[in-house]
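Below: upload.txt (compact mmCIF, C-alpha atoms and all ligand atoms)
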```txt
# COMPACT_ATOMS: atom_id res chain seq x y z
CA MET G 1 -27.06 -1.01 -20.44
CA PRO G 2 -26.39 0.83 -23.74
CA GLU G 3 -24.27 -1.07 -26.24
CA ASN G 4 -21.28 1.26 -26.05
CA HIS G 5 -21.16 0.89 -22.25
CA PRO G 6 -20.23 -2.77 -21.88
CA VAL G 7 -19.24 -2.33 -18.20
CA ASP G 8 -20.30 0.10 -15.53
CA VAL G 9 -16.78 0.86 -14.31
CA VAL G 10 -13.29 0.35 -15.68
CA VAL G 11 -10.52 0.66 -13.07
CA VAL G 12 -6.97 1.39 -14.23
CA GLY G 13 -4.46 -0.22 -11.85
CA GLY G 14 -4.63 -3.37 -9.73
CA GLY G 15 -2.82 -2.25 -6.58
CA ILE G 16 -4.42 -2.20 -3.14
CA ILE G 17 -6.47 0.86 -4.12
CA GLY G 18 -7.75 -0.46 -7.46
CA LEU G 19 -8.55 -3.93 -6.09
CA SER G 20 -10.24 -2.61 -2.93
CA LEU G 21 -12.56 -0.30 -4.78
CA ALA G 22 -13.26 -2.84 -7.55
CA TRP G 23 -14.38 -5.32 -4.91
CA ARG G 24 -16.60 -2.73 -3.18
CA LEU G 25 -18.11 -1.53 -6.49
CA ARG G 26 -18.92 -5.09 -7.51
CA GLU G 27 -20.53 -5.72 -4.11
CA ARG G 28 -22.89 -2.84 -4.88
CA GLY G 29 -23.95 -4.60 -8.05
CA MET G 30 -21.87 -2.74 -10.63
CA SER G 31 -20.03 -4.59 -13.40
CA VAL G 32 -16.30 -3.86 -13.04
CA THR G 33 -13.19 -4.46 -15.13
CA VAL G 34 -9.71 -3.89 -13.66
CA LEU G 35 -6.93 -3.26 -16.19
CA GLU G 36 -3.45 -3.98 -14.81
CA ARG G 37 -0.33 -3.62 -16.94
CA ASP G 38 1.66 -6.27 -15.00
CA GLU G 39 0.42 -8.56 -12.26
CA ALA G 40 -2.24 -7.27 -9.85
CA GLY G 41 -0.75 -6.47 -6.46
CA GLY G 42 2.80 -6.59 -7.81
CA ALA G 43 3.82 -2.93 -7.48
CA THR G 44 4.02 -0.42 -4.62
CA SER G 45 1.40 -2.06 -2.43
CA ARG G 46 3.42 -5.28 -2.28
CA VAL G 47 6.47 -3.40 -1.00
CA ALA G 48 4.67 -1.51 1.81
CA ALA G 49 5.23 -2.36 5.46
CA GLY G 50 1.53 -2.23 6.30
CA MET G 51 1.37 0.20 9.22
CA LEU G 52 -2.12 1.54 9.89
CA ALA G 53 -0.79 4.56 11.68
CA PRO G 54 -2.70 7.83 11.37
CA VAL G 55 -1.54 9.12 14.77
CA THR G 56 2.11 8.28 14.27
CA GLU G 57 2.14 9.64 10.72
CA VAL G 58 0.36 12.96 11.38
CA GLU G 59 2.25 15.95 10.01
CA PHE G 60 2.09 19.64 10.87
CA GLY G 61 0.07 21.93 8.62
CA GLU G 62 -3.31 22.05 6.97
CA ALA G 63 -2.73 19.11 4.59
CA GLY G 64 -1.46 17.06 7.54
CA ARG G 65 -4.77 17.64 9.34
CA ARG G 66 -6.70 16.53 6.27
CA VAL G 67 -4.67 13.33 5.99
CA LEU G 68 -5.19 12.72 9.72
CA GLU G 69 -8.94 13.06 9.36
CA LEU G 70 -8.96 10.58 6.46
CA GLY G 71 -6.56 8.24 8.24
CA LEU G 72 -8.49 8.12 11.51
CA ARG G 73 -11.69 7.32 9.66
CA SER G 74 -10.04 4.58 7.59
CA ALA G 75 -8.28 3.09 10.64
CA ARG G 76 -11.71 2.69 12.26
CA MET G 77 -12.92 0.91 9.12
CA TRP G 78 -10.05 -1.60 9.02
CA PRO G 79 -11.37 -4.23 11.49
CA ARG G 80 -14.64 -4.61 9.56
CA PHE G 81 -12.87 -4.44 6.20
CA ALA G 82 -10.48 -7.22 7.27
CA ALA G 83 -13.34 -9.37 8.59
CA GLN G 84 -15.39 -8.96 5.41
CA LEU G 85 -12.36 -9.65 3.26
CA THR G 86 -11.64 -12.79 5.25
CA GLU G 87 -15.17 -13.95 4.62
CA ALA G 88 -15.21 -13.04 0.93
CA SER G 89 -11.83 -14.59 0.16
CA GLY G 90 -11.64 -17.50 2.57
CA MET G 91 -8.17 -16.21 3.55
CA GLU G 92 -7.39 -15.01 7.08
CA VAL G 93 -6.70 -11.25 7.02
CA ALA G 94 -5.48 -10.53 10.54
CA LEU G 95 -4.88 -7.09 12.02
CA LEU G 96 -1.70 -6.94 14.05
CA GLN G 97 -2.85 -4.95 17.07
CA THR G 98 0.61 -4.04 18.18
CA SER G 99 0.53 -0.34 19.17
CA THR G 100 3.54 1.82 18.32
CA LEU G 101 6.45 3.34 20.23
CA LEU G 102 8.09 6.55 18.99
CA LEU G 103 11.68 6.65 20.19
CA ALA G 104 14.40 9.26 20.80
CA ARG G 105 18.08 8.38 20.96
CA ASP G 106 19.58 11.71 22.06
CA GLU G 107 18.70 15.11 23.49
CA ASP G 108 17.81 16.66 20.13
CA GLU G 109 15.48 13.80 19.25
CA ALA G 110 13.94 13.90 22.74
CA ARG G 111 13.17 17.62 22.30
CA GLU G 112 11.58 16.88 18.95
CA LEU G 113 9.53 14.06 20.50
CA GLU G 114 8.23 16.46 23.20
CA ARG G 115 7.13 18.79 20.40
CA GLN G 116 5.42 15.87 18.63
CA LEU G 117 3.69 14.90 21.88
CA ALA G 118 2.34 18.43 22.43
CA PHE G 119 1.15 18.53 18.80
CA ARG G 120 -0.73 15.24 19.07
CA GLU G 121 -2.23 16.22 22.44
CA SER G 122 -3.44 19.50 20.92
CA LEU G 123 -5.32 17.39 18.36
CA GLY G 124 -6.89 15.24 21.08
CA LEU G 125 -4.98 12.12 19.99
CA ARG G 126 -4.14 9.35 22.44
CA VAL G 127 -0.38 9.37 23.13
CA ALA G 128 1.45 8.56 26.38
CA ARG G 129 4.91 9.74 27.43
CA LEU G 130 7.12 6.90 28.69
CA ARG G 131 10.37 7.10 30.62
CA PRO G 132 13.16 5.04 29.03
CA SER G 133 12.93 2.46 31.83
CA ALA G 134 9.19 2.01 31.20
CA ALA G 135 9.74 1.66 27.46
CA ARG G 136 12.46 -0.91 28.07
CA GLU G 137 10.14 -2.84 30.33
CA LEU G 138 7.71 -3.08 27.43
CA GLU G 139 10.44 -3.83 24.91
CA PRO G 140 13.54 -5.28 26.61
CA ALA G 141 15.45 -5.39 23.30
CA LEU G 142 15.72 -1.57 23.30
CA ALA G 143 19.22 -0.21 23.91
CA PRO G 144 19.97 1.35 27.34
CA THR G 145 20.93 4.59 25.55
CA LEU G 146 17.22 5.31 24.81
CA ARG G 147 16.31 8.87 25.94
CA LEU G 148 12.53 9.07 25.63
CA ALA G 149 9.54 7.18 24.21
CA LEU G 150 5.93 7.92 23.31
CA GLU G 151 3.36 5.17 23.17
CA VAL G 152 0.62 5.39 20.55
CA PRO G 153 -1.90 2.72 21.58
CA ASP G 154 -4.27 2.91 18.60
CA ASP G 155 -1.86 2.54 15.66
CA HIS G 156 -1.75 -1.02 14.35
CA ALA G 157 -0.60 -2.96 11.25
CA VAL G 158 -1.54 -5.50 8.63
CA ASP G 159 0.44 -7.61 6.16
CA PRO G 160 -0.22 -6.00 2.75
CA ARG G 161 0.75 -9.15 0.85
CA VAL G 162 -1.95 -11.13 2.63
CA VAL G 163 -4.44 -8.32 1.97
CA LEU G 164 -3.54 -8.24 -1.73
CA ALA G 165 -3.89 -12.01 -2.14
CA ALA G 166 -7.27 -11.89 -0.37
CA LEU G 167 -8.46 -8.92 -2.43
CA ARG G 168 -7.53 -10.69 -5.63
CA ARG G 169 -9.52 -13.72 -4.58
CA ALA G 170 -12.49 -11.64 -3.37
CA CYS G 171 -12.54 -9.72 -6.66
CA GLN G 172 -12.51 -12.86 -8.73
CA ALA G 173 -15.10 -14.62 -6.55
CA SER G 174 -17.46 -11.66 -6.82
CA GLY G 175 -17.18 -11.39 -10.60
CA VAL G 176 -14.76 -8.51 -11.12
CA GLN G 177 -13.07 -8.99 -14.48
CA LEU G 178 -9.32 -8.75 -13.87
CA ARG G 179 -7.28 -8.23 -17.05
CA GLU G 180 -3.56 -8.44 -16.27
CA GLN G 181 -0.68 -7.71 -18.66
CA THR G 182 -2.98 -5.01 -20.06
CA ARG G 183 -1.52 -1.53 -20.20
CA VAL G 184 -3.73 1.52 -20.56
CA ARG G 185 -2.35 4.27 -22.76
CA ALA G 186 -4.99 6.96 -22.45
CA VAL G 187 -8.40 7.97 -21.22
CA GLU G 188 -10.85 8.08 -24.12
CA LEU G 189 -13.17 11.10 -24.42
CA ASP G 190 -16.50 11.53 -26.17
CA ALA G 191 -16.65 13.41 -29.46
CA ALA G 192 -17.12 16.73 -27.70
CA GLY G 193 -14.08 16.07 -25.49
CA GLU G 194 -16.16 16.67 -22.40
CA ARG G 195 -16.64 13.23 -20.88
CA ALA G 196 -14.56 10.10 -20.34
CA VAL G 197 -16.20 7.15 -22.09
CA GLY G 198 -13.53 4.53 -21.44
CA VAL G 199 -9.83 3.98 -21.99
CA LEU G 200 -7.54 3.05 -24.85
CA LEU G 201 -5.12 0.17 -24.38
CA GLU G 202 -1.54 0.30 -25.56
CA GLY G 203 -2.41 -1.29 -28.89
CA GLY G 204 -5.31 1.13 -29.45
CA GLU G 205 -8.15 -1.19 -28.37
CA PRO G 206 -10.90 0.75 -26.61
CA VAL G 207 -12.46 -0.47 -23.36
CA ARG G 208 -15.70 1.45 -22.88
CA ALA G 209 -17.37 2.07 -19.54
CA ARG G 210 -19.94 4.33 -17.91
CA GLU G 211 -17.27 5.44 -15.44
CA VAL G 212 -13.45 5.37 -15.46
CA VAL G 213 -11.41 5.21 -12.24
CA LEU G 214 -7.69 6.00 -12.31
CA ALA G 215 -5.88 4.04 -9.60
CA ALA G 216 -2.50 3.72 -11.29
CA GLY G 217 -0.44 4.75 -8.25
CA PRO G 218 2.84 6.52 -8.99
CA TRP G 219 2.34 6.02 -12.75
CA THR G 220 -0.95 7.93 -12.87
CA ARG G 221 0.56 10.81 -14.79
CA GLU G 222 1.71 8.56 -17.63
CA ILE G 223 -1.89 7.99 -18.66
CA GLY G 224 -2.69 10.37 -21.49
CA GLY G 225 -5.81 11.71 -23.05
CA LEU G 226 -6.82 14.26 -20.43
CA PRO G 227 -7.74 17.79 -21.37
CA PRO G 228 -5.51 20.56 -19.98
CA GLY G 229 -6.18 21.23 -16.32
CA ALA G 230 -7.96 17.92 -15.72
CA GLY G 231 -5.06 15.98 -14.21
CA VAL G 232 -3.50 15.27 -10.83
CA PRO G 233 0.29 15.81 -10.50
CA VAL G 234 1.41 12.54 -8.89
CA ARG G 235 5.16 12.01 -8.45
CA PRO G 236 7.05 8.89 -7.29
CA VAL G 237 8.85 8.94 -3.91
CA LYS G 238 11.30 6.06 -3.68
CA GLY G 239 11.45 3.84 -0.59
CA GLN G 240 13.93 1.06 0.16
CA ILE G 241 12.80 -1.52 2.70
CA LEU G 242 14.20 -4.74 4.20
CA ARG G 243 12.40 -7.89 5.27
CA LEU G 244 14.23 -9.69 8.08
CA ARG G 245 13.73 -12.99 9.87
CA ASP G 246 14.80 -14.22 13.28
CA PRO G 247 15.85 -17.88 13.01
CA GLU G 248 15.07 -18.16 16.74
CA GLY G 249 11.41 -17.28 16.10
CA PRO G 250 9.33 -14.35 17.45
CA GLY G 251 10.13 -12.31 20.56
CA LEU G 252 12.75 -9.69 19.75
CA ILE G 253 10.14 -6.91 19.77
CA ALA G 254 6.34 -6.97 19.99
CA ARG G 255 5.42 -3.37 19.04
CA VAL G 256 6.12 -1.22 15.99
CA LEU G 257 9.14 0.97 16.76
CA ARG G 258 9.46 4.35 15.02
CA PHE G 259 12.46 6.63 15.12
CA GLU G 260 14.16 9.38 13.14
CA GLY G 261 14.99 7.70 9.82
CA GLY G 262 12.89 4.55 10.02
CA TYR G 263 10.76 1.92 11.69
CA LEU G 264 10.91 -1.72 12.69
CA LEU G 265 7.65 -3.65 12.45
CA PRO G 266 7.16 -7.16 13.89
CA ARG G 267 4.89 -9.53 12.00
CA GLY G 268 4.47 -11.64 15.15
CA ASP G 269 6.00 -14.79 13.69
CA GLY G 270 9.72 -13.97 13.81
CA ARG G 271 9.64 -11.83 10.67
CA TYR G 272 10.30 -8.08 10.74
CA VAL G 273 10.03 -5.22 8.27
CA LEU G 274 12.69 -2.54 8.47
CA GLY G 275 11.95 0.58 6.48
CA ALA G 276 12.12 2.85 4.79
CA THR G 277 14.09 5.47 2.92
CA MET G 278 12.34 8.54 1.46
CA GLU G 279 14.06 9.59 -1.77
CA GLU G 280 13.07 11.94 -4.59
CA ARG G 281 14.68 10.12 -7.53
CA GLY G 282 11.97 9.91 -10.15
CA PHE G 283 11.17 6.39 -11.33
CA GLU G 284 14.64 5.02 -10.46
CA LEU G 285 14.26 1.70 -8.60
CA ARG G 286 17.86 0.65 -7.81
CA PRO G 287 18.54 -0.52 -4.25
CA THR G 288 21.64 1.24 -2.88
CA ALA G 289 24.28 0.35 -0.32
CA GLY G 290 23.91 3.80 1.27
CA GLY G 291 20.15 3.45 1.76
CA VAL G 292 20.43 0.02 3.34
CA TYR G 293 23.41 1.06 5.48
CA GLU G 294 21.51 4.00 6.97
CA LEU G 295 18.45 1.88 7.77
CA LEU G 296 20.53 -0.78 9.50
CA ARG G 297 22.75 1.72 11.33
CA ASP G 298 19.83 3.73 12.73
CA THR G 299 17.92 0.64 13.83
CA ARG G 300 20.91 -1.14 15.35
CA ASN G 301 21.55 1.87 17.61
CA LEU G 302 18.12 1.27 19.15
CA VAL G 303 17.74 -2.50 18.84
CA PRO G 304 21.22 -4.06 18.85
CA GLY G 305 19.65 -7.53 18.48
CA ILE G 306 18.75 -6.90 14.84
CA SER G 307 22.35 -7.78 13.92
CA GLU G 308 21.45 -11.44 14.37
CA LEU G 309 18.48 -11.37 11.98
CA GLU G 310 18.64 -12.88 8.52
CA ILE G 311 17.94 -10.69 5.51
CA GLU G 312 15.10 -12.26 3.50
CA GLU G 313 14.45 -9.51 1.01
CA LEU G 314 15.43 -6.02 -0.02
CA SER G 315 12.78 -4.26 -2.06
CA VAL G 316 12.18 -0.84 -3.52
CA GLY G 317 8.83 0.86 -4.08
CA LEU G 318 7.54 4.19 -5.33
CA ARG G 319 5.02 6.04 -3.18
CA PRO G 320 2.40 7.86 -5.26
CA SER G 321 2.63 11.41 -3.92
CA THR G 322 0.88 14.69 -4.71
CA PRO G 323 2.34 18.17 -4.06
CA ASP G 324 0.69 18.34 -0.61
CA ASN G 325 1.14 14.59 0.03
CA ALA G 326 -2.62 14.19 0.60
CA PRO G 327 -4.47 11.75 -1.67
CA ALA G 328 -6.67 12.63 -4.63
CA ILE G 329 -9.95 10.75 -4.30
CA GLY G 330 -13.14 11.69 -6.10
CA ARG G 331 -14.34 13.30 -9.27
CA GLY G 332 -12.09 15.90 -10.86
CA ALA G 333 -12.65 18.35 -13.67
CA LEU G 334 -13.62 15.74 -16.30
CA ALA G 335 -17.06 14.10 -16.25
CA GLY G 336 -17.00 10.30 -16.13
CA LEU G 337 -13.55 10.17 -14.53
CA THR G 338 -12.83 9.46 -10.85
CA TRP G 339 -9.41 9.64 -9.20
CA ALA G 340 -8.12 7.26 -6.55
CA THR G 341 -4.45 8.01 -6.31
CA GLY G 342 -1.72 9.96 -4.50
CA HIS G 343 -1.88 7.94 -1.27
CA HIS G 344 1.81 8.62 -0.54
CA ARG G 345 2.84 6.88 2.75
CA ASN G 346 -0.71 5.83 3.66
CA GLY G 347 -2.22 3.77 0.85
CA ILE G 348 -2.61 0.63 2.94
CA LEU G 349 -4.22 2.58 5.75
CA LEU G 350 -6.51 4.49 3.39
CA ALA G 351 -7.65 1.57 1.20
CA PRO G 352 -10.99 0.88 3.00
CA LEU G 353 -11.97 4.54 3.07
CA THR G 354 -10.94 5.13 -0.55
CA ALA G 355 -13.01 2.16 -1.66
CA GLU G 356 -16.08 3.39 0.24
CA LEU G 357 -15.77 6.96 -1.02
CA VAL G 358 -15.44 5.86 -4.64
CA ALA G 359 -18.22 3.28 -4.34
CA GLY G 360 -20.49 5.91 -2.81
CA LEU G 361 -19.78 8.33 -5.66
CA LEU G 362 -20.30 5.83 -8.46
CA ASP G 363 -23.32 4.01 -7.08
CA SER G 364 -26.14 5.52 -9.08
CA ARG G 365 -28.63 4.22 -6.50
CA ALA G 366 -26.99 6.23 -3.73
CA ARG G 367 -28.37 9.68 -3.16
CA GLU G 368 -25.93 12.53 -2.67
CA SER G 369 -22.81 11.44 -0.81
CA SER G 370 -22.98 11.88 2.93
CA GLU G 371 -19.20 12.14 3.06
CA ASN G 372 -18.80 15.64 1.69
CA ASP G 373 -16.27 16.72 4.35
CA LEU G 374 -14.04 13.76 3.66
CA LEU G 375 -14.34 14.19 -0.10
CA ALA G 376 -13.41 17.86 0.26
CA ALA G 377 -10.27 16.79 2.18
CA CYS G 378 -8.99 14.85 -0.84
CA ASP G 379 -10.58 16.74 -3.74
CA PRO G 380 -8.58 16.05 -6.96
CA ALA G 381 -9.67 19.38 -8.42
CA ARG G 382 -7.37 21.24 -6.00
CA PHE G 383 -4.53 20.70 -8.50
CA SER G 384 -6.31 21.79 -11.63
CA ASP G 385 -4.28 25.00 -12.07
CA THR G 386 -0.86 23.42 -11.70
CA TRP G 387 -1.03 20.50 -14.07
CA ALA G 388 0.31 20.55 -17.64
CA PRO G 389 -0.71 17.55 -19.73
CA GLY G 390 2.15 15.69 -21.41
CA LEU G 391 0.18 13.67 -23.93
CA SER G 392 -2.35 14.50 -26.58
CA THR G 393 -6.09 14.14 -26.14
CA ALA G 394 -7.64 10.86 -27.30
CA ARG G 395 -11.19 11.09 -28.62
CA ALA G 396 -13.76 8.43 -29.23
CA ALA G 397 -14.52 7.65 -32.84
CA PRO G 398 -17.78 9.40 -33.65
C1 LIG W 1 8.72 1.42 1.22
C2 LIG W 1 7.27 1.74 1.37
C3 LIG W 1 6.63 1.50 2.59
C4 LIG W 1 5.28 1.82 2.74
N1 LIG W 1 4.67 1.55 3.93
C5 LIG W 1 3.36 1.85 4.11
C6 LIG W 1 2.71 1.55 5.32
O1 LIG W 1 3.32 1.01 6.25
N2 LIG W 1 1.38 1.88 5.45
C7 LIG W 1 0.67 2.48 4.45
O2 LIG W 1 -0.50 2.77 4.64
N3 LIG W 1 1.28 2.76 3.26
C8 LIG W 1 2.60 2.46 3.07
N4 LIG W 1 3.21 2.75 1.89
C9 LIG W 1 2.45 3.45 0.85
C10 LIG W 1 1.59 2.48 0.06
O3 LIG W 1 2.38 1.39 -0.35
C11 LIG W 1 1.00 3.17 -1.18
O4 LIG W 1 0.37 4.37 -0.83
C12 LIG W 1 -0.02 2.23 -1.84
O5 LIG W 1 0.55 0.97 -2.06
C13 LIG W 1 -0.52 2.81 -3.14
O6 LIG W 1 -1.38 1.86 -3.71
P1 LIG W 1 -1.84 1.98 -5.22
O7 LIG W 1 -2.80 0.88 -5.47
O8 LIG W 1 -2.24 3.37 -5.49
O9 LIG W 1 -0.47 1.79 -6.04
P2 LIG W 1 0.22 0.47 -6.63
O10 LIG W 1 0.25 -0.63 -5.65
O11 LIG W 1 1.53 0.89 -7.22
O12 LIG W 1 -0.77 0.04 -7.77
C14 LIG W 1 -0.88 0.76 -8.97
C15 LIG W 1 -1.04 -0.26 -10.09
O13 LIG W 1 -1.31 0.41 -11.31
C16 LIG W 1 -0.68 -0.31 -12.35
N5 LIG W 1 -0.54 0.59 -13.50
C17 LIG W 1 0.22 1.71 -13.59
N6 LIG W 1 0.09 2.27 -14.81
C18 LIG W 1 -0.78 1.49 -15.50
C19 LIG W 1 -1.29 1.54 -16.82
N7 LIG W 1 -0.94 2.52 -17.68
N8 LIG W 1 -2.14 0.58 -17.23
C20 LIG W 1 -2.53 -0.43 -16.38
N9 LIG W 1 -2.04 -0.53 -15.11
C21 LIG W 1 -1.18 0.41 -14.68
C22 LIG W 1 0.65 -0.71 -11.73
O14 LIG W 1 1.25 -1.78 -12.44
C23 LIG W 1 0.25 -1.06 -10.32
O15 LIG W 1 -0.02 -2.44 -10.16
C24 LIG W 1 4.55 2.41 1.68
C25 LIG W 1 5.19 2.62 0.46
C26 LIG W 1 6.52 2.29 0.29
C27 LIG W 1 7.18 2.50 -1.03
```
Would you kindly transcribe this structure into structure tokens?
Ligand SMILES: Cc1cc2nc3c(=O)[nH]c(=O)nc-3n(C[C@H](O)[C@H](O)[C@H](O)COP(=O)(O)OP(=O)(O)OC[C@H]3O[C@@H](n4cnc5c(N)ncnc54)[C@H](O)[C@@H]3O)c2cc1C
Amino acid sequence: MPENHPVDVVVVGGGIIGLSLAWRLRERGMSVTVLERDEAGGATSRVAAGMLAPVTEVEFGEAGRRVLELGLRSARMWPRFAAQLTEASGMEVALLQTSTLLLARDEDEARELERQLAFRESLGLRVARLRPSAARELEPALAPTLRLALEVPDDHAVDPRVVLAALRRACQASGVQLREQTRVRAVELDAAGERAVGVLLEGGEPVRAREVVLAAGPWTREIGGLPPGAGVPVRPVKGQILRLRDPEGPGLIARVLRFEGGYLLPRGDGRYVLGATMEERGFELRPTAGGVYELLRDTRNLVPGISELEIEELSVGLRPSTPDNAPAIGRGALAGLTWATGHHRNGILLAPLTAELVAGLLDSRARESSENDLLAACDPARFSDTWAPGLSTARAAP
């Protein structure tokens, strides 16, 4: 390796995306350094509920279809990803194969659910319509006022905190260099300003690499040094989320419940995740009484038994979101730079696929990627006209 390329790949950001792809890159024989400004796995990914729910999450419109395509592929990859991660880390990464119920509480919501059912059926997705009595047979804790339910059998879940701990261990065991408390200030360009050659840390220290991957989640845009038009406009979307515990143990609900305004996810051991608000408030991270009140009110209408649960934790995270809410994965306008960001509500779901796509792109032994359709669905270059760089260009010393 040339002297000024001390590692093959430098990854900025140690969330689920950065750690997953670092592990996969290292497995393919590349030397990898992850630069994380705080503690790896300590930001958005730690807050997430962990639903692997492409069918439940699908949205109308062209971008919604693209996210569905990516999500379905990644959902199929999760069982193998979890098994390999279990083996590499020695930690049990279990999929919670729960299925999901979408619920309506009144006539308006029932009409909307019928529309959602027709939409999913038109896409060939597996969804079943359940009468309230049938739904209550499956989940006796549901309130008698339930109007309609849809069952999505293929949407499951995972505990992101277990995944993050296992990824950290797998990265370290495989020889990924993880540098925490290390903030990246800018991408560093070659003298011609045409290629990324590494990054500059906050104090000015360069970290050189053959390839740079930006996986800085909602903070991606704070990283400077990019030429005009080369960036991806990621914004933060705030989410407040509660972790609850039943002192009586498991049994209140067995499936993920989704409804207008939130979801309730069982971990299978008496713990539940109740989320989440969707708020456009920049980088503001304060938990609010209003946000928590609405989550509890909406859920209690459907599952009155949640009143008895203990509150273990209230947390706030920032979803990394692009203008069309589809991720940006792949090479953009600048040579040497790969994007792995903008995963919005689906970063846990999309982690295995993102890691494979990036590893396929950066593996110099691989011939042309066979995943061109998927890469086109999340092409970072689709934003190149809309982005205005905030920070000046950093160039490598000649
Ligand atoms: C309330 C909530 C619930 C969610 N539920 C789900 C769910 O059920 N299923 C699902 O699939 N997704 C869910 N998501 C979305 C998911 O959490 C995100 O899409 C995913 O975590 C993004 O991962 P990431 O690695 O890109 O970001 P992060 O986990 O935020 O990681 C980015 C990392 O980059 C680091 N960083 C930033 N700037 C720099 C810098 N300059 N230098 C060095 N390091 C830097 C940060 O410190 C951070 O550790 C949820 C999100 C929220 C907020």
request  = Could the residues that lie within 7 Å of ligand LIG 1 (chain W), counting all atoms listed in the file, be listed as a ChimeraX atom specification?
outcome  = /G:12-18,35-52,182-185,215-220,222-223,238-241,275-277,316-320,341-350
Practice problem: Please write as number ranges by chain the list of polymer residues whose atoms come within 12 Å of (19.6, -6.9, 17.9), counting all atoms listed in the file and keeping to the coordinates of the file. | Solution: G: 139-143, 244-246, 251-253, 264, 272, 296-310
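Here atom CA of Ala340 of chain G is placed at a distance of 25.8 Å from atom CA of Leu96 of chain G.
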Restrict the calculation to only C-alpha atoms, then for each residue of segment 200-315 of chain G with any atom at most 12 Å from an atom of segment 112-132 of chain G give the closest atom pair and their distance in Å to one decimal, rows by chain and rising residue number, as a Markdown table.
```
| residue | atom | partner | partner_atom | distance |
| --- | --- | --- | --- | --- |
| G:Arg258 | CA | G:Leu113 | CA | 11.1 |
| G:Phe259 | CA | G:Leu113 | CA | 9.6 |
| G:Glu260 | CA | G:Glu112 | CA | 9.8 |
| G:Leu302 | CA | G:Pro132 | CA | 11.7 |
```
Selection from above, C-alpha atoms, as a CSV table (one decimal), in the frame of the given file, can you write it?
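result.csv written:
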```csv
chain,number,residue,atom,x,y,z
G,258,ARG,CA,9.5,4.4,15.0
G,259,PHE,CA,12.5,6.6,15.1
G,260,GLU,CA,14.2,9.4,13.1
G,302,LEU,CA,18.1,1.3,19.2
```
* Please provide as a PyMOL selection string all residues within 8 Å of Leu95 of chain G, with the sequence filter that same-chain residues fewer than 5 positions apart are discarded (counting only C-alpha atoms). => chain G and resi 79+82+156-159
Write out, as a PDB file, in the frame of the given file, the residues just selected, with C-alpha atoms.
```
ATOM      1  CA  PRO G  79     -11.370  -4.230  11.490  1.00  0.00           C
ATOM      2  CA  ALA G  82     -10.480  -7.220   7.270  1.00  0.00           C
ATOM      3  CA  HIS G 156      -1.750  -1.020  14.350  1.00  0.00           C
ATOM      4  CA  ALA G 157      -0.600  -2.960  11.250  1.00  0.00           C
ATOM      5  CA  VAL G 158      -1.540  -5.500   8.630  1.00  0.00           C
ATOM      6  CA  ASP G 159       0.440  -7.610   6.160  1.00  0.00           C
TER       7      ASP G 159
END
```
Proximity to Arg161 of chain G - best of G:Ala209, G:Ala94, G:Ala328, G:Val292, all atoms listed in the file:
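Nearest candidate to Arg161 of chain G out of G:Ala209, G:Ala94, G:Ala328, G:Val292: G:Ala94.
Atom CA of Val163 of chain G sits 26.4 Å away from atom CA of Gly261 of chain G.
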Review point. What's the 7 Å shell around Leu68 of chain G, counting all atoms listed in the file, without same-chain residues fewer than 4 positions away, as a list in words?
Key: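 Answer for this query is Pro54, Val58, Gly64 and Leu72 of chain G.
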Please report as a tab-separated table every residue of segment 174-251 of chain G lying within 8 Å of segment 27-32 of chain G, along with the nearest atom pair and their distance in Å (one decimal), using only C-alpha atoms.
```
residue	atom	partner	partner_atom	distance
G:Ser174	CA	G:Glu27	CA	7.2
G:Gly175	CA	G:Ser31	CA	7.9
G:Val176	CA	G:Val32	CA	5.3
G:Gln177	CA	G:Val32	CA	6.2
```
Margin query: Env of Gly360 of chain G: 12 Å cut, atoms = only C-alpha atoms, seq-sep filter 3 positions within chain, self excluded. Answer as a PyMOL selection string.
Written below: chain G and resi 21+24-25+27-28+30+329-331+338+353-357+363-372+375
For the residues selected in the previous step, produce a file with C-alpha atoms as a tab-separated table (two decimals), keeping the file's coordinate frame.
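Saved result, again_28.tsv, follows:
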```
chain	number	residue	atom	x	y	z
G	21	LEU	CA	-12.56	-0.30	-4.78
G	24	ARG	CA	-16.60	-2.73	-3.18
G	25	LEU	CA	-18.11	-1.53	-6.49
G	27	GLU	CA	-20.53	-5.72	-4.11
G	28	ARG	CA	-22.89	-2.84	-4.88
G	30	MET	CA	-21.87	-2.74	-10.63
G	329	ILE	CA	-9.95	10.75	-4.30
G	330	GLY	CA	-13.14	11.69	-6.10
G	331	ARG	CA	-14.34	13.30	-9.27
G	338	THR	CA	-12.83	9.46	-10.85
G	353	LEU	CA	-11.97	4.54	3.07
G	354	THR	CA	-10.94	5.13	-0.55
G	355	ALA	CA	-13.01	2.16	-1.66
G	356	GLU	CA	-16.08	3.39	0.24
G	357	LEU	CA	-15.77	6.96	-1.02
G	363	ASP	CA	-23.32	4.01	-7.08
G	364	SER	CA	-26.14	5.52	-9.08
G	365	ARG	CA	-28.63	4.22	-6.50
G	366	ALA	CA	-26.99	6.23	-3.73
G	367	ARG	CA	-28.37	9.68	-3.16
G	368	GLU	CA	-25.93	12.53	-2.67
G	369	SER	CA	-22.81	11.44	-0.81
G	370	SER	CA	-22.98	11.88	2.93
G	371	GLU	CA	-19.20	12.14	3.06
G	372	ASN	CA	-18.80	15.64	1.69
G	375	LEU	CA	-14.34	14.19	-0.10
```
Expressed in Å, the length from atom CA of Arg255 of chain G to atom CA of Ser89 of chain G is 27.9 Å
- Task: Counting all atoms listed in the file, figure out which residue out of G:Gly290, G:Pro323, G:Pro250, G:Gly198 gets nearest to Val11 of chain G.
- Result: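 Checking each candidate against Val11 of chain G, we get G:Gly198 as the closest.
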